[in-house]
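Structure file entry27.txt; described as compact mmCIF, C-alpha atoms and all ligand atoms.
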# COMPACT_ATOMS: atom_id res chain seq x y z
CA MET A 26 0.00 0.00 0.00
CA LYS A 27 1.46 3.39 -1.02
CA ARG A 28 0.41 6.57 0.73
CA ILE A 29 0.03 9.31 -1.88
CA LEU A 30 -0.41 13.01 -1.15
CA HIS A 31 -1.59 15.00 -4.18
CA VAL A 32 -1.27 18.75 -3.99
CA VAL A 33 -2.97 21.48 -6.02
CA GLY A 34 -2.73 25.25 -5.71
CA ALA A 35 -3.93 27.07 -8.78
CA ARG A 36 -6.48 26.65 -11.55
CA PRO A 37 -4.27 24.86 -14.11
CA ASN A 38 -3.35 22.19 -11.55
CA TYR A 39 -6.84 20.76 -11.14
CA MET A 40 -7.25 19.25 -14.61
CA LYS A 41 -3.78 17.70 -14.35
CA ILE A 42 -4.38 15.95 -11.01
CA ALA A 43 -8.09 15.02 -11.30
CA PRO A 44 -7.60 12.11 -13.76
CA LEU A 45 -4.75 10.71 -11.69
CA VAL A 46 -6.79 10.72 -8.47
CA ARG A 47 -9.55 8.99 -10.42
CA GLU A 48 -7.28 6.35 -11.89
CA MET A 49 -5.56 5.60 -8.58
CA SER A 50 -8.91 5.17 -6.88
CA ASN A 51 -9.41 2.11 -9.12
CA TYR A 52 -6.68 0.41 -7.05
CA PRO A 53 -7.77 0.82 -3.42
CA ARG A 54 -5.50 -2.01 -2.30
CA ASP A 55 -2.45 -0.29 -3.79
CA PHE A 56 -3.01 3.36 -2.87
CA THR A 57 -4.27 5.53 -0.02
CA GLN A 58 -4.77 9.05 -1.35
CA VAL A 59 -5.05 12.44 0.29
CA LEU A 60 -5.75 15.65 -1.67
CA LEU A 61 -4.43 18.96 -0.43
CA HIS A 62 -5.24 22.46 -1.76
CA THR A 63 -2.98 25.40 -0.93
CA GLY A 64 -5.69 27.96 -1.51
CA GLN A 65 -3.43 29.98 -3.87
CA HIS A 66 -6.58 30.27 -6.00
CA TYR A 67 -9.58 30.67 -3.73
CA ASP A 68 -12.45 32.35 -5.64
CA ASP A 69 -15.27 29.90 -6.39
CA ASN A 70 -14.85 30.46 -10.12
CA MET A 71 -11.08 29.86 -9.87
CA SER A 72 -11.46 26.76 -7.73
CA LYS A 73 -14.79 25.27 -6.54
CA ILE A 74 -16.44 25.04 -9.97
CA PHE A 75 -13.46 23.02 -11.22
CA PHE A 76 -13.70 20.51 -8.38
CA ASP A 77 -17.40 20.11 -9.15
CA GLU A 78 -17.05 19.74 -12.90
CA LEU A 79 -13.98 17.51 -12.77
CA GLU A 80 -15.74 15.39 -10.09
CA MET A 81 -12.70 15.68 -7.88
CA PRO A 82 -13.09 14.76 -4.24
CA ARG A 83 -13.14 17.85 -1.99
CA PRO A 84 -9.62 18.57 -0.74
CA ASP A 85 -8.98 16.74 2.54
CA ILE A 86 -6.85 19.70 3.63
CA ASN A 87 -6.89 23.40 2.57
CA LEU A 88 -3.93 25.51 3.64
CA GLU A 89 -5.76 28.75 2.74
CA VAL A 90 -2.63 30.68 1.82
CA GLY A 91 -4.41 33.04 -0.59
CA SER A 92 -2.63 35.74 -2.56
CA GLY A 93 0.61 37.59 -1.87
CA THR A 94 4.05 38.18 -3.29
CA HIS A 95 5.92 35.17 -4.62
CA ALA A 96 7.98 34.96 -1.44
CA GLU A 97 4.89 35.25 0.75
CA GLN A 98 3.01 32.55 -1.15
CA THR A 99 5.96 30.18 -1.19
CA ALA A 100 6.80 30.78 2.47
CA GLN A 101 3.19 30.40 3.64
CA VAL A 102 2.76 27.11 1.79
CA MET A 103 6.01 25.80 3.25
CA LEU A 104 5.16 26.81 6.81
CA ARG A 105 1.68 25.36 6.70
CA PHE A 106 2.61 22.24 4.73
CA GLU A 107 5.41 20.96 6.96
CA PRO A 108 3.24 19.82 9.90
CA VAL A 109 0.69 18.27 7.53
CA LEU A 110 3.39 16.27 5.86
CA ALA A 111 4.84 15.12 9.15
CA ASP A 112 1.32 14.08 10.20
CA PHE A 113 0.27 12.12 7.09
CA ASN A 114 3.79 10.86 6.35
CA PRO A 115 3.17 9.90 2.69
CA ASP A 116 5.40 7.70 0.56
CA TRP A 117 4.98 10.12 -2.32
CA VAL A 118 4.00 13.74 -2.80
CA VAL A 119 2.60 14.34 -6.29
CA VAL A 120 3.04 17.91 -7.58
CA PRO A 121 1.69 19.10 -10.94
CA GLY A 122 2.82 21.90 -13.23
CA ASP A 123 4.84 24.98 -12.40
CA VAL A 124 2.96 27.31 -10.09
CA ASN A 125 4.39 28.70 -6.86
CA SER A 126 2.77 25.97 -4.76
CA THR A 127 4.45 23.28 -6.90
CA LEU A 128 7.91 24.37 -5.83
CA ALA A 129 6.92 25.17 -2.25
CA PHE A 130 5.61 21.63 -1.69
CA ALA A 131 8.57 20.03 -3.36
CA LEU A 132 11.02 21.93 -1.14
CA VAL A 133 9.27 20.90 2.06
CA ALA A 134 8.94 17.26 0.98
CA VAL A 135 12.57 16.84 -0.07
CA LYS A 136 13.82 18.23 3.25
CA LEU A 137 11.71 15.69 5.11
CA GLY A 138 13.06 12.88 2.95
CA ILE A 139 9.72 12.26 1.23
CA ARG A 140 9.77 11.33 -2.43
CA ILE A 141 8.35 13.69 -5.03
CA ALA A 142 6.64 12.88 -8.32
CA HIS A 143 6.39 15.79 -10.74
CA ILE A 144 3.60 15.74 -13.32
CA GLU A 145 4.51 17.74 -16.46
CA ALA A 146 8.25 17.67 -15.85
CA GLY A 147 10.97 18.90 -18.20
CA LEU A 148 9.15 21.76 -19.96
CA ARG A 149 11.47 24.71 -20.55
CA SER A 150 10.92 28.17 -22.01
CA PHE A 151 14.59 29.03 -21.35
CA ASP A 152 13.29 32.35 -20.03
CA ARG A 153 14.30 32.77 -16.40
CA THR A 154 12.31 35.98 -16.01
CA MET A 155 9.20 33.75 -15.83
CA PRO A 156 8.44 32.64 -12.27
CA GLU A 157 7.11 29.38 -13.71
CA GLU A 158 10.48 28.58 -15.33
CA ILE A 159 12.20 28.84 -11.95
CA ASN A 160 9.50 26.67 -10.38
CA ARG A 161 9.94 24.04 -13.12
CA LEU A 162 13.74 23.97 -13.01
CA LEU A 163 14.01 23.64 -9.26
CA THR A 164 11.16 21.16 -8.85
CA ASP A 165 12.69 18.86 -11.46
CA GLN A 166 16.07 18.96 -9.71
CA ILE A 167 14.62 17.51 -6.52
CA ALA A 168 11.93 15.20 -7.93
CA ASP A 169 12.35 11.42 -7.76
CA LEU A 170 9.89 10.56 -10.53
CA LEU A 171 9.49 12.88 -13.51
CA PHE A 172 6.48 12.35 -15.76
CA THR A 173 6.79 14.13 -19.10
CA THR A 174 4.30 15.19 -21.76
CA ALA A 175 6.61 15.45 -24.78
CA PRO A 176 9.84 13.85 -26.03
CA GLU A 177 11.94 17.05 -25.82
CA ALA A 178 11.38 17.16 -22.07
CA ARG A 179 13.72 14.19 -21.65
CA GLU A 180 16.45 16.03 -23.54
CA ASN A 181 15.98 19.12 -21.37
CA LEU A 182 16.19 17.02 -18.22
CA ALA A 183 19.20 15.05 -19.45
CA ARG A 184 21.06 18.34 -20.09
CA GLU A 185 20.36 19.29 -16.49
CA GLY A 186 21.84 16.05 -15.22
CA ILE A 187 18.64 14.20 -14.27
CA ALA A 188 19.12 10.42 -14.19
CA PRO A 189 17.29 8.84 -17.16
CA GLU A 190 15.66 6.13 -15.04
CA LYS A 191 13.68 8.76 -13.14
CA ILE A 192 12.05 10.06 -16.34
CA HIS A 193 8.87 8.55 -17.77
CA PHE A 194 7.27 9.84 -20.96
CA VAL A 195 3.58 9.22 -20.27
CA GLY A 196 1.63 11.87 -22.24
CA ASN A 197 -0.49 14.67 -20.92
CA THR A 198 -2.90 14.26 -17.99
CA MET A 199 -4.58 17.58 -18.87
CA ILE A 200 -5.55 15.98 -22.17
CA ASP A 201 -6.97 12.99 -20.20
CA THR A 202 -9.40 15.45 -18.65
CA LEU A 203 -10.20 17.02 -22.02
CA VAL A 204 -10.89 13.64 -23.62
CA ARG A 205 -13.20 12.64 -20.78
CA LEU A 206 -15.19 15.88 -20.69
CA ILE A 207 -15.38 16.99 -24.33
CA PRO A 208 -18.66 15.07 -24.89
CA ILE A 209 -20.22 17.01 -21.99
CA ALA A 210 -18.84 20.28 -23.38
CA GLU A 211 -20.41 19.49 -26.75
CA ARG A 212 -23.77 18.86 -25.13
CA ARG A 213 -23.48 22.20 -23.31
CA TRP A 214 -22.50 24.10 -26.49
CA PRO A 215 -25.89 24.83 -28.13
CA ALA A 216 -27.21 26.60 -25.02
CA LEU A 217 -23.96 28.50 -24.50
CA ARG A 218 -23.84 29.53 -28.13
CA SER A 219 -27.32 31.02 -28.07
CA GLU A 220 -26.78 32.62 -24.65
CA LEU A 221 -23.69 34.46 -25.93
CA ASN A 222 -25.15 34.84 -29.44
CA LEU A 223 -22.04 33.42 -31.11
CA ASP A 224 -21.18 32.23 -34.59
CA ARG A 225 -17.61 33.06 -35.58
CA TYR A 226 -15.67 34.54 -32.68
CA VAL A 227 -12.28 35.15 -31.15
CA LEU A 228 -11.71 33.71 -27.64
CA VAL A 229 -9.16 35.48 -25.45
CA THR A 230 -7.39 34.81 -22.13
CA LEU A 231 -4.58 36.94 -20.73
CA HIS A 232 -3.10 36.92 -17.25
CA ARG A 233 0.71 36.81 -17.41
CA PRO A 234 2.36 39.62 -15.46
CA ALA A 235 4.52 40.34 -18.55
CA ASN A 236 1.36 41.19 -20.52
CA VAL A 237 -0.98 42.71 -17.97
CA ASP A 238 1.04 44.42 -15.24
CA GLU A 239 2.34 47.35 -17.34
CA ALA A 240 -0.30 49.90 -18.39
CA GLY A 241 1.27 50.41 -21.85
CA ASP A 242 1.46 46.68 -22.67
CA LEU A 243 -2.06 45.92 -21.53
CA ALA A 244 -3.47 48.96 -23.36
CA GLU A 245 -1.71 47.82 -26.55
CA VAL A 246 -3.19 44.32 -26.42
CA ILE A 247 -6.69 45.54 -25.51
CA SER A 248 -6.64 48.14 -28.27
CA ALA A 249 -5.88 45.33 -30.75
CA LEU A 250 -8.83 43.36 -29.37
CA ASN A 251 -11.05 46.46 -29.56
CA GLU A 252 -10.08 46.90 -33.20
CA VAL A 253 -10.80 43.28 -34.13
CA SER A 254 -14.09 43.36 -32.22
CA SER A 255 -15.55 45.76 -34.78
CA GLU A 256 -15.28 42.92 -37.32
CA VAL A 257 -15.96 39.78 -35.26
CA PRO A 258 -17.15 39.23 -31.67
CA VAL A 259 -14.38 38.80 -29.12
CA VAL A 260 -15.11 36.86 -25.91
CA PHE A 261 -12.69 37.44 -23.05
CA PRO A 262 -13.13 35.59 -19.72
CA VAL A 263 -11.00 37.74 -17.45
CA HIS A 264 -8.60 36.48 -14.77
CA PRO A 265 -8.92 38.46 -11.50
CA ARG A 266 -5.40 39.89 -11.90
CA THR A 267 -6.24 41.22 -15.38
CA ARG A 268 -9.62 42.55 -14.27
CA ALA A 269 -7.92 44.56 -11.54
CA ARG A 270 -5.34 46.00 -13.96
CA ILE A 271 -7.93 46.98 -16.58
CA SER A 272 -9.82 49.01 -14.04
CA GLU A 273 -6.67 50.40 -12.35
CA PHE A 274 -5.30 51.63 -15.72
CA GLY A 275 -8.73 52.88 -16.87
CA ILE A 276 -8.52 50.96 -20.16
CA GLN A 277 -11.48 51.37 -22.51
CA ILE A 278 -13.40 48.29 -23.67
CA ASP A 279 -15.34 48.54 -26.94
CA GLN A 280 -18.79 47.10 -27.46
CA GLY A 281 -17.79 44.04 -29.50
CA LEU A 282 -15.34 42.93 -26.81
CA THR A 283 -17.27 40.95 -24.19
CA LEU A 284 -15.55 40.64 -20.83
CA THR A 285 -16.89 37.85 -18.60
CA ASP A 286 -15.88 36.49 -15.22
CA PRO A 287 -13.60 33.41 -15.29
CA ILE A 288 -15.53 30.49 -16.76
CA GLY A 289 -15.75 26.88 -15.55
CA TYR A 290 -13.88 24.07 -17.25
CA VAL A 291 -16.69 22.59 -19.34
CA ASP A 292 -18.03 25.85 -20.78
CA PHE A 293 -14.53 27.07 -21.48
CA LEU A 294 -13.72 23.82 -23.28
CA ALA A 295 -16.82 24.26 -25.44
CA LEU A 296 -15.81 27.85 -26.20
CA GLN A 297 -12.32 26.73 -27.20
CA ALA A 298 -13.55 23.88 -29.39
CA HIS A 299 -15.82 26.21 -31.41
CA ALA A 300 -13.65 29.33 -31.53
CA THR A 301 -12.48 30.58 -34.91
CA VAL A 302 -9.24 31.61 -33.27
CA VAL A 303 -7.93 31.69 -29.69
CA VAL A 304 -5.60 34.42 -28.39
CA THR A 305 -3.88 33.56 -25.12
CA ASP A 306 -0.81 33.71 -22.91
CA SER A 307 -1.69 30.56 -20.97
CA GLY A 308 0.39 27.38 -21.11
CA GLY A 309 -2.43 24.84 -20.99
CA ILE A 310 -4.54 26.54 -23.65
CA GLN A 311 -1.71 26.20 -26.18
CA GLU A 312 -1.97 22.45 -25.60
CA GLU A 313 -5.76 22.19 -25.56
CA THR A 314 -6.12 24.12 -28.85
CA THR A 315 -3.45 21.89 -30.39
CA PHE A 316 -5.45 18.83 -29.43
CA LEU A 317 -8.70 20.43 -30.67
CA GLY A 318 -7.15 21.67 -33.95
CA VAL A 319 -8.17 25.28 -33.27
CA PRO A 320 -5.78 28.09 -34.37
CA CYS A 321 -4.01 29.59 -31.37
CA LEU A 322 -2.04 32.85 -31.17
CA THR A 323 0.15 33.03 -28.09
CA VAL A 324 1.13 36.53 -26.99
CA ARG A 325 4.57 35.57 -25.71
CA PRO A 326 8.15 35.67 -27.02
CA ASN A 327 8.68 31.97 -26.19
CA THR A 328 6.92 28.81 -25.12
CA GLU A 329 7.91 25.92 -22.89
CA ARG A 330 5.58 23.80 -25.06
CA PRO A 331 7.31 23.71 -28.49
CA VAL A 332 5.36 20.62 -29.50
CA THR A 333 2.35 22.95 -29.92
CA LEU A 334 4.34 24.87 -32.57
CA SER A 335 5.83 21.85 -34.37
CA HIS A 336 2.76 19.59 -34.29
CA GLY A 337 -0.03 21.89 -33.30
CA THR A 338 -1.89 25.01 -34.21
CA ASN A 339 0.05 27.43 -32.06
CA ARG A 340 1.92 30.57 -33.22
CA LEU A 341 3.85 33.01 -31.07
CA ILE A 342 3.04 36.69 -31.64
CA ASN A 343 4.42 40.02 -30.40
CA LYS A 344 2.41 42.13 -28.04
CA GLU A 345 2.21 45.08 -30.47
CA ARG A 346 -1.23 46.17 -31.60
CA THR A 347 -0.58 45.86 -35.33
CA ALA A 348 1.06 42.43 -34.98
CA ILE A 349 -1.89 41.13 -32.97
CA VAL A 350 -4.53 42.57 -35.31
CA GLU A 351 -2.75 41.23 -38.38
CA ALA A 352 -2.28 37.75 -36.88
CA ILE A 353 -5.94 37.54 -35.87
CA ARG A 354 -7.11 38.73 -39.31
CA THR A 355 -4.90 36.16 -41.04
CA ALA A 356 -6.22 33.40 -38.80
CA LEU A 357 -9.82 34.51 -39.43
CA MET A 358 -9.27 34.27 -43.18
CA GLY A 359 -7.84 30.75 -42.98
CA PRO A 360 -9.92 27.62 -43.54
CA PRO A 361 -11.99 26.49 -40.55
CA GLY A 362 -9.92 24.36 -38.22
CA ALA A 363 -6.17 24.27 -38.63
CA LYS A 364 -3.42 21.86 -39.56
CA SER A 365 -2.59 19.89 -36.48
CA SER A 366 -1.39 16.44 -35.60
CA ARG A 367 -1.94 15.31 -32.05
CA PRO A 368 1.33 15.00 -30.17
CA GLU A 369 2.49 11.50 -29.27
CA LEU A 370 0.69 9.89 -26.32
CA TRP A 371 -1.87 12.71 -25.98
CA ASP A 372 -4.57 10.08 -26.04
CA GLY A 373 -6.44 10.31 -22.74
CA LYS A 374 -4.41 7.53 -21.11
CA ALA A 375 -1.52 9.38 -19.46
CA SER A 376 -2.91 8.75 -15.97
CA GLU A 377 -3.10 5.02 -16.65
CA ARG A 378 0.59 5.07 -17.60
CA ILE A 379 1.49 7.03 -14.47
CA VAL A 380 -0.37 4.58 -12.26
CA ARG A 381 1.43 1.66 -13.93
CA VAL A 382 4.75 3.30 -13.04
CA PHE A 383 3.63 3.89 -9.44
CA ARG A 384 2.49 0.28 -9.06
CA LYS A 385 5.91 -0.90 -10.21
CA VAL A 386 8.11 1.35 -8.05
CA ALA A 387 8.98 0.06 -4.60
CA GLY A 388 7.76 1.47 -1.30
C1 LIG B 1 -0.87 31.55 -11.25
C2 LIG B 1 0.40 30.88 -11.76
C3 LIG B 1 0.41 30.82 -13.29
C4 LIG B 1 -0.87 30.21 -13.81
C5 LIG B 1 -2.06 30.97 -13.24
C6 LIG B 1 -3.36 30.40 -13.73
C7 LIG B 1 2.36 31.26 -10.31
C8 LIG B 1 3.68 31.92 -10.23
N1 LIG B 1 1.60 31.59 -11.36
O1 LIG B 1 -0.82 32.90 -11.69
O2 LIG B 1 1.50 30.06 -13.72
O3 LIG B 1 -0.86 30.30 -15.22
O4 LIG B 1 -2.00 30.88 -11.82
O5 LIG B 1 -4.45 31.16 -13.35
O6 LIG B 1 2.02 30.46 -9.48
N2 LIG B 1 -6.75 36.30 -7.44
C9 LIG B 1 -8.06 36.40 -7.07
N3 LIG B 1 -8.73 35.24 -6.80
C10 LIG B 1 -8.16 34.02 -6.90
C11 LIG B 1 -6.81 33.95 -7.27
C12 LIG B 1 -6.12 35.09 -7.55
O7 LIG B 1 -8.63 37.47 -6.97
O8 LIG B 1 -8.84 33.01 -6.66
C13 LIG B 1 -6.01 37.53 -7.79
C14 LIG B 1 -5.27 38.13 -6.65
O9 LIG B 1 -5.37 39.51 -6.74
C15 LIG B 1 -3.83 37.73 -6.90
C16 LIG B 1 -3.79 37.68 -8.43
O10 LIG B 1 -5.10 37.26 -8.82
O11 LIG B 1 -2.93 38.62 -6.35
C17 LIG B 1 -2.78 36.73 -9.00
O12 LIG B 1 -2.92 35.43 -8.44
P1 LIG B 1 -1.64 34.49 -8.19
O13 LIG B 1 -2.07 33.21 -7.60
O14 LIG B 1 -0.56 35.24 -7.51
O15 LIG B 1 -1.05 34.25 -9.64
P2 LIG B 1 -1.78 34.01 -11.05
O16 LIG B 1 -1.60 35.26 -11.85
O17 LIG B 1 -3.15 33.48 -10.89
Would you give me this structure, written as structure tokens?
Amino acid sequence: MKRILHVVGARPNYMKIAPLVREMSNYPRDFTQVLLHTGQHYDDNMSKIFFDELEMPRPDINLEVGSGTHAEQTAQVMLRFEPVLADFNPDWVVVPGDVNSTLAFALVAVKLGIRIAHIEAGLRSFDRTMPEEINRLLTDQIADLLFTTAPEARENLAREGIAPEKIHFVGNTMIDTLVRLIPIAERRWPALRSELNLDRYVLVTLHRPANVDEAGDLAEVISALNEVSSEVPVVFPVHPRTRARISEFGIQIDQGLTLTDPIGYVDFLALQAHATVVVTDSGGIQEETTFLGVPCLTVRPNTERPVTLSHGTNRLINKERTAIVEAIRTALMGPPGAKSSRPELWDGKASERIVRVFRKVAG
């Protein structure tokens, strides 16, 4: 029997851990599982709705760390996590992705001699100004099992001196969730479409500090969206950070640009699947649009997910107004759908592969 502690902190973690919790629960004689939430994301529409829709068990423990600077978030998670870890004494701590909580948990676990499994290991943007890149690099250095989503991750890890036997190329657990829930999203689509009165449309998400924290940058991106929205509706579910900046900087929103609160997983999946083009700075959305074959424009100078460029529908674009407008117009003129081949092992079975590895490893 292995004692497994899964940890989640922020929105993109939930869809990566949910299918693994589900798959492990098929083997009650092999695994005891506990689910812990840091509370880094705490609004209902950044957290609760995802647990409901993904049918995840409620977290057994919530550390309620909330928002703060990077140091505050990391320190709070570490302080509150240490006694929990000592109490439950798991064989493995499973950490997904690259958010601040991912690294905070890994640091506490390694110091207590508890083994760490990192889901989505080995992704690199090679841009150390991104907090996520630091979280990824350091977590991978101290992880004992590294589950990767793409072949180049192994090369990245090998360059950093990670022993090959720790690395397992299993596919993408976020795509496991997509594969399971896309039929429900499709059933939800007709109602959503008529509620938002949509035919062809651009779907937008933006939340990276590099795009939204400077008034000039954010104004530039929004003015591009305003311009496009006179030709085609633009739907923009707004992250709380971005919402705060738009109002702080007094940025004007035109009529064709619809700002909504953050949207739950299933509705957002339906909106992605039917979008004419998606504009984003998220990591996960580059992957989901690749799988769905929907054109994606990523407002970033780099990506830690190059497989979405080589196999998928993703293109990197500059954050200048004219570049964004031109890229969206070009995508709108293209044929419906986009050329995409699904990356290797993105087949809905990554969690099964991970569980096979766990059942084999000792202890
Ligand atoms: C975090 C991750 C990022 C991920 C993103 C997904 C890090 C370093 N970044 O960024 O990789 O792509 O989550 O959403 O971990 N806020 C609320 N309610 C909430 C959560 C946040 O109002 O439920 C507001 C707070 O004002 C907070 C701000 O959003 O200060 C930013 O939240 P934070 O957790 O610091 O980082 P994200 O930008 O969400």
Residues of chain A that have any atom at most 6 Å from an atom of ligand LIG 1 (chain B): could you tabulate them with the shortest-distance atom pair and the distance in Å to one decimal, using all atoms listed in the file, ordered by chain and increasing number, as a Markdown table?
| residue | atom | partner | partner_atom | distance |
| --- | --- | --- | --- | --- |
| A:Ala35 | CA | B:LIG1 | O4 | 5.2 |
| A:Arg36 | CA | B:LIG1 | O5 | 5.3 |
| A:Pro37 | CA | B:LIG1 | C6 | 5.6 |
| A:Gln65 | CA | B:LIG1 | O13 | 5.1 |
| A:His66 | CA | B:LIG1 | O8 | 3.6 |
| A:Tyr67 | CA | B:LIG1 | O8 | 3.8 |
| A:Asp68 | CA | B:LIG1 | O8 | 3.8 |
| A:Met71 | CA | B:LIG1 | O8 | 5.0 |
| A:Ser92 | CA | B:LIG1 | O11 | 4.8 |
| A:Gly93 | CA | B:LIG1 | O11 | 5.8 |
| A:Val124 | CA | B:LIG1 | O6 | 3.3 |
| A:Asn125 | CA | B:LIG1 | O6 | 3.9 |
| A:Pro156 | CA | B:LIG1 | C8 | 5.2 |
| A:Glu157 | CA | B:LIG1 | C8 | 5.5 |
| A:His232 | CA | B:LIG1 | O16 | 5.8 |
| A:Pro265 | CA | B:LIG1 | O7 | 4.6 |
| A:Arg266 | CA | B:LIG1 | O10 | 4.1 |
| A:Ser307 | CA | B:LIG1 | O3 | 5.8 |
Task: Proximity to A:Phe172 - best of A:Thr333, A:Asn160, A:Asn222, A:Asn197, all atoms listed in the file - done: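 For A:Phe172, the nearest of the candidates is A:Asn197.
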TODO: Using only C-alpha atoms, pick whichever of A:Pro84, A:Pro326, A:Gly309, A:Gly34 has the shortest atom-to-atom distance to A:Phe151.
DONE: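 Counting only C-alpha atoms, the residue closest to A:Phe151 is A:Pro326.
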Open item on the list: Quick one: residues within 10 Å of A:Leu132, all atoms listed in the file, excluding same-chain residues fewer than 4 positions away - as a PyMOL selection string?
Closed with: chain A and resi 99+103+107+126-128+136-137+141+163-164+167-168
Task: Nearest-residue call for A:Trp214, choices A:Ser272, A:Thr154, A:Asn70, A:Gln297, using only C-alpha atoms - done: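 When distances to A:Trp214 are compared using only C-alpha atoms, the smallest one comes from A:Gln297.
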Open item on the list: Using Å and a single decimal, report how far atom CA of A:Ala175 sits from atom CA of A:Glu369.
Closed with: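 Going from atom CA of A:Glu369 over to atom CA of A:Ala175 covers 7.3 Å.
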Once 6 Å is added on each side, what are the centre and the three edge lengths, in Å to one decimal, of the axis-aligned box enclosing the listed atoms of stretch 274-287 of chain A? Present them as JSON.
{"center_x": -12.0, "center_y": 43.1, "center_z": -22.4, "size_x": 25.5, "size_y": 31.5, "size_z": 26.3}
Task: Surrounding residues of A:Val90 excluding itself and chain neighbours under 4 positions, 9 Å, only C-alpha atoms, as a list of chain:residue names - done: A:Thr63, A:Gly64, A:Gln65, A:His66, A:Tyr67, A:Glu97, A:Gln98, A:Gln101, A:Val102, A:Arg105
Open item on the list: For a test of reading the model, state the distance in Å between atom CA of A:Leu171 and atom CA of A:Met40, rounded to one decimal.
Closed with: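 Calculated distance between atom CA of A:Leu171 and atom CA of A:Met40 is 17.9 Å.
Non-sequential neighbours of A:Arg330 (distance at most 8 Å, separation of 2 or more positions within a chain, all atoms listed in the file) are Leu148, Arg149, Ser150, Gly308, Gln311, Glu312, Thr328, Val332, Thr333 and Leu334 of chain A.
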Please dump the current selection as a CSV table (one decimal), in the frame of the given file; keep C-alpha atoms.
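Result file follows (again-v6.csv):
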chain,number,residue,atom,x,y,z
A,148,LEU,CA,9.2,21.8,-20.0
A,149,ARG,CA,11.5,24.7,-20.6
A,150,SER,CA,10.9,28.2,-22.0
A,308,GLY,CA,0.4,27.4,-21.1
A,311,GLN,CA,-1.7,26.2,-26.2
A,312,GLU,CA,-2.0,22.4,-25.6
A,328,THR,CA,6.9,28.8,-25.1
A,332,VAL,CA,5.4,20.6,-29.5
A,333,THR,CA,2.4,23.0,-29.9
A,334,LEU,CA,4.3,24.9,-32.6
Open item on the list: Measuring between only C-alpha atoms, which one of A:Val33, A:Ala348, A:Pro360, A:Trp117 shows the shortest distance to A:Val324?
Closed with: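 Of A:Val33, A:Ala348, A:Pro360, A:Trp117, the one nearest A:Val324 is A:Ala348, counting only C-alpha atoms.
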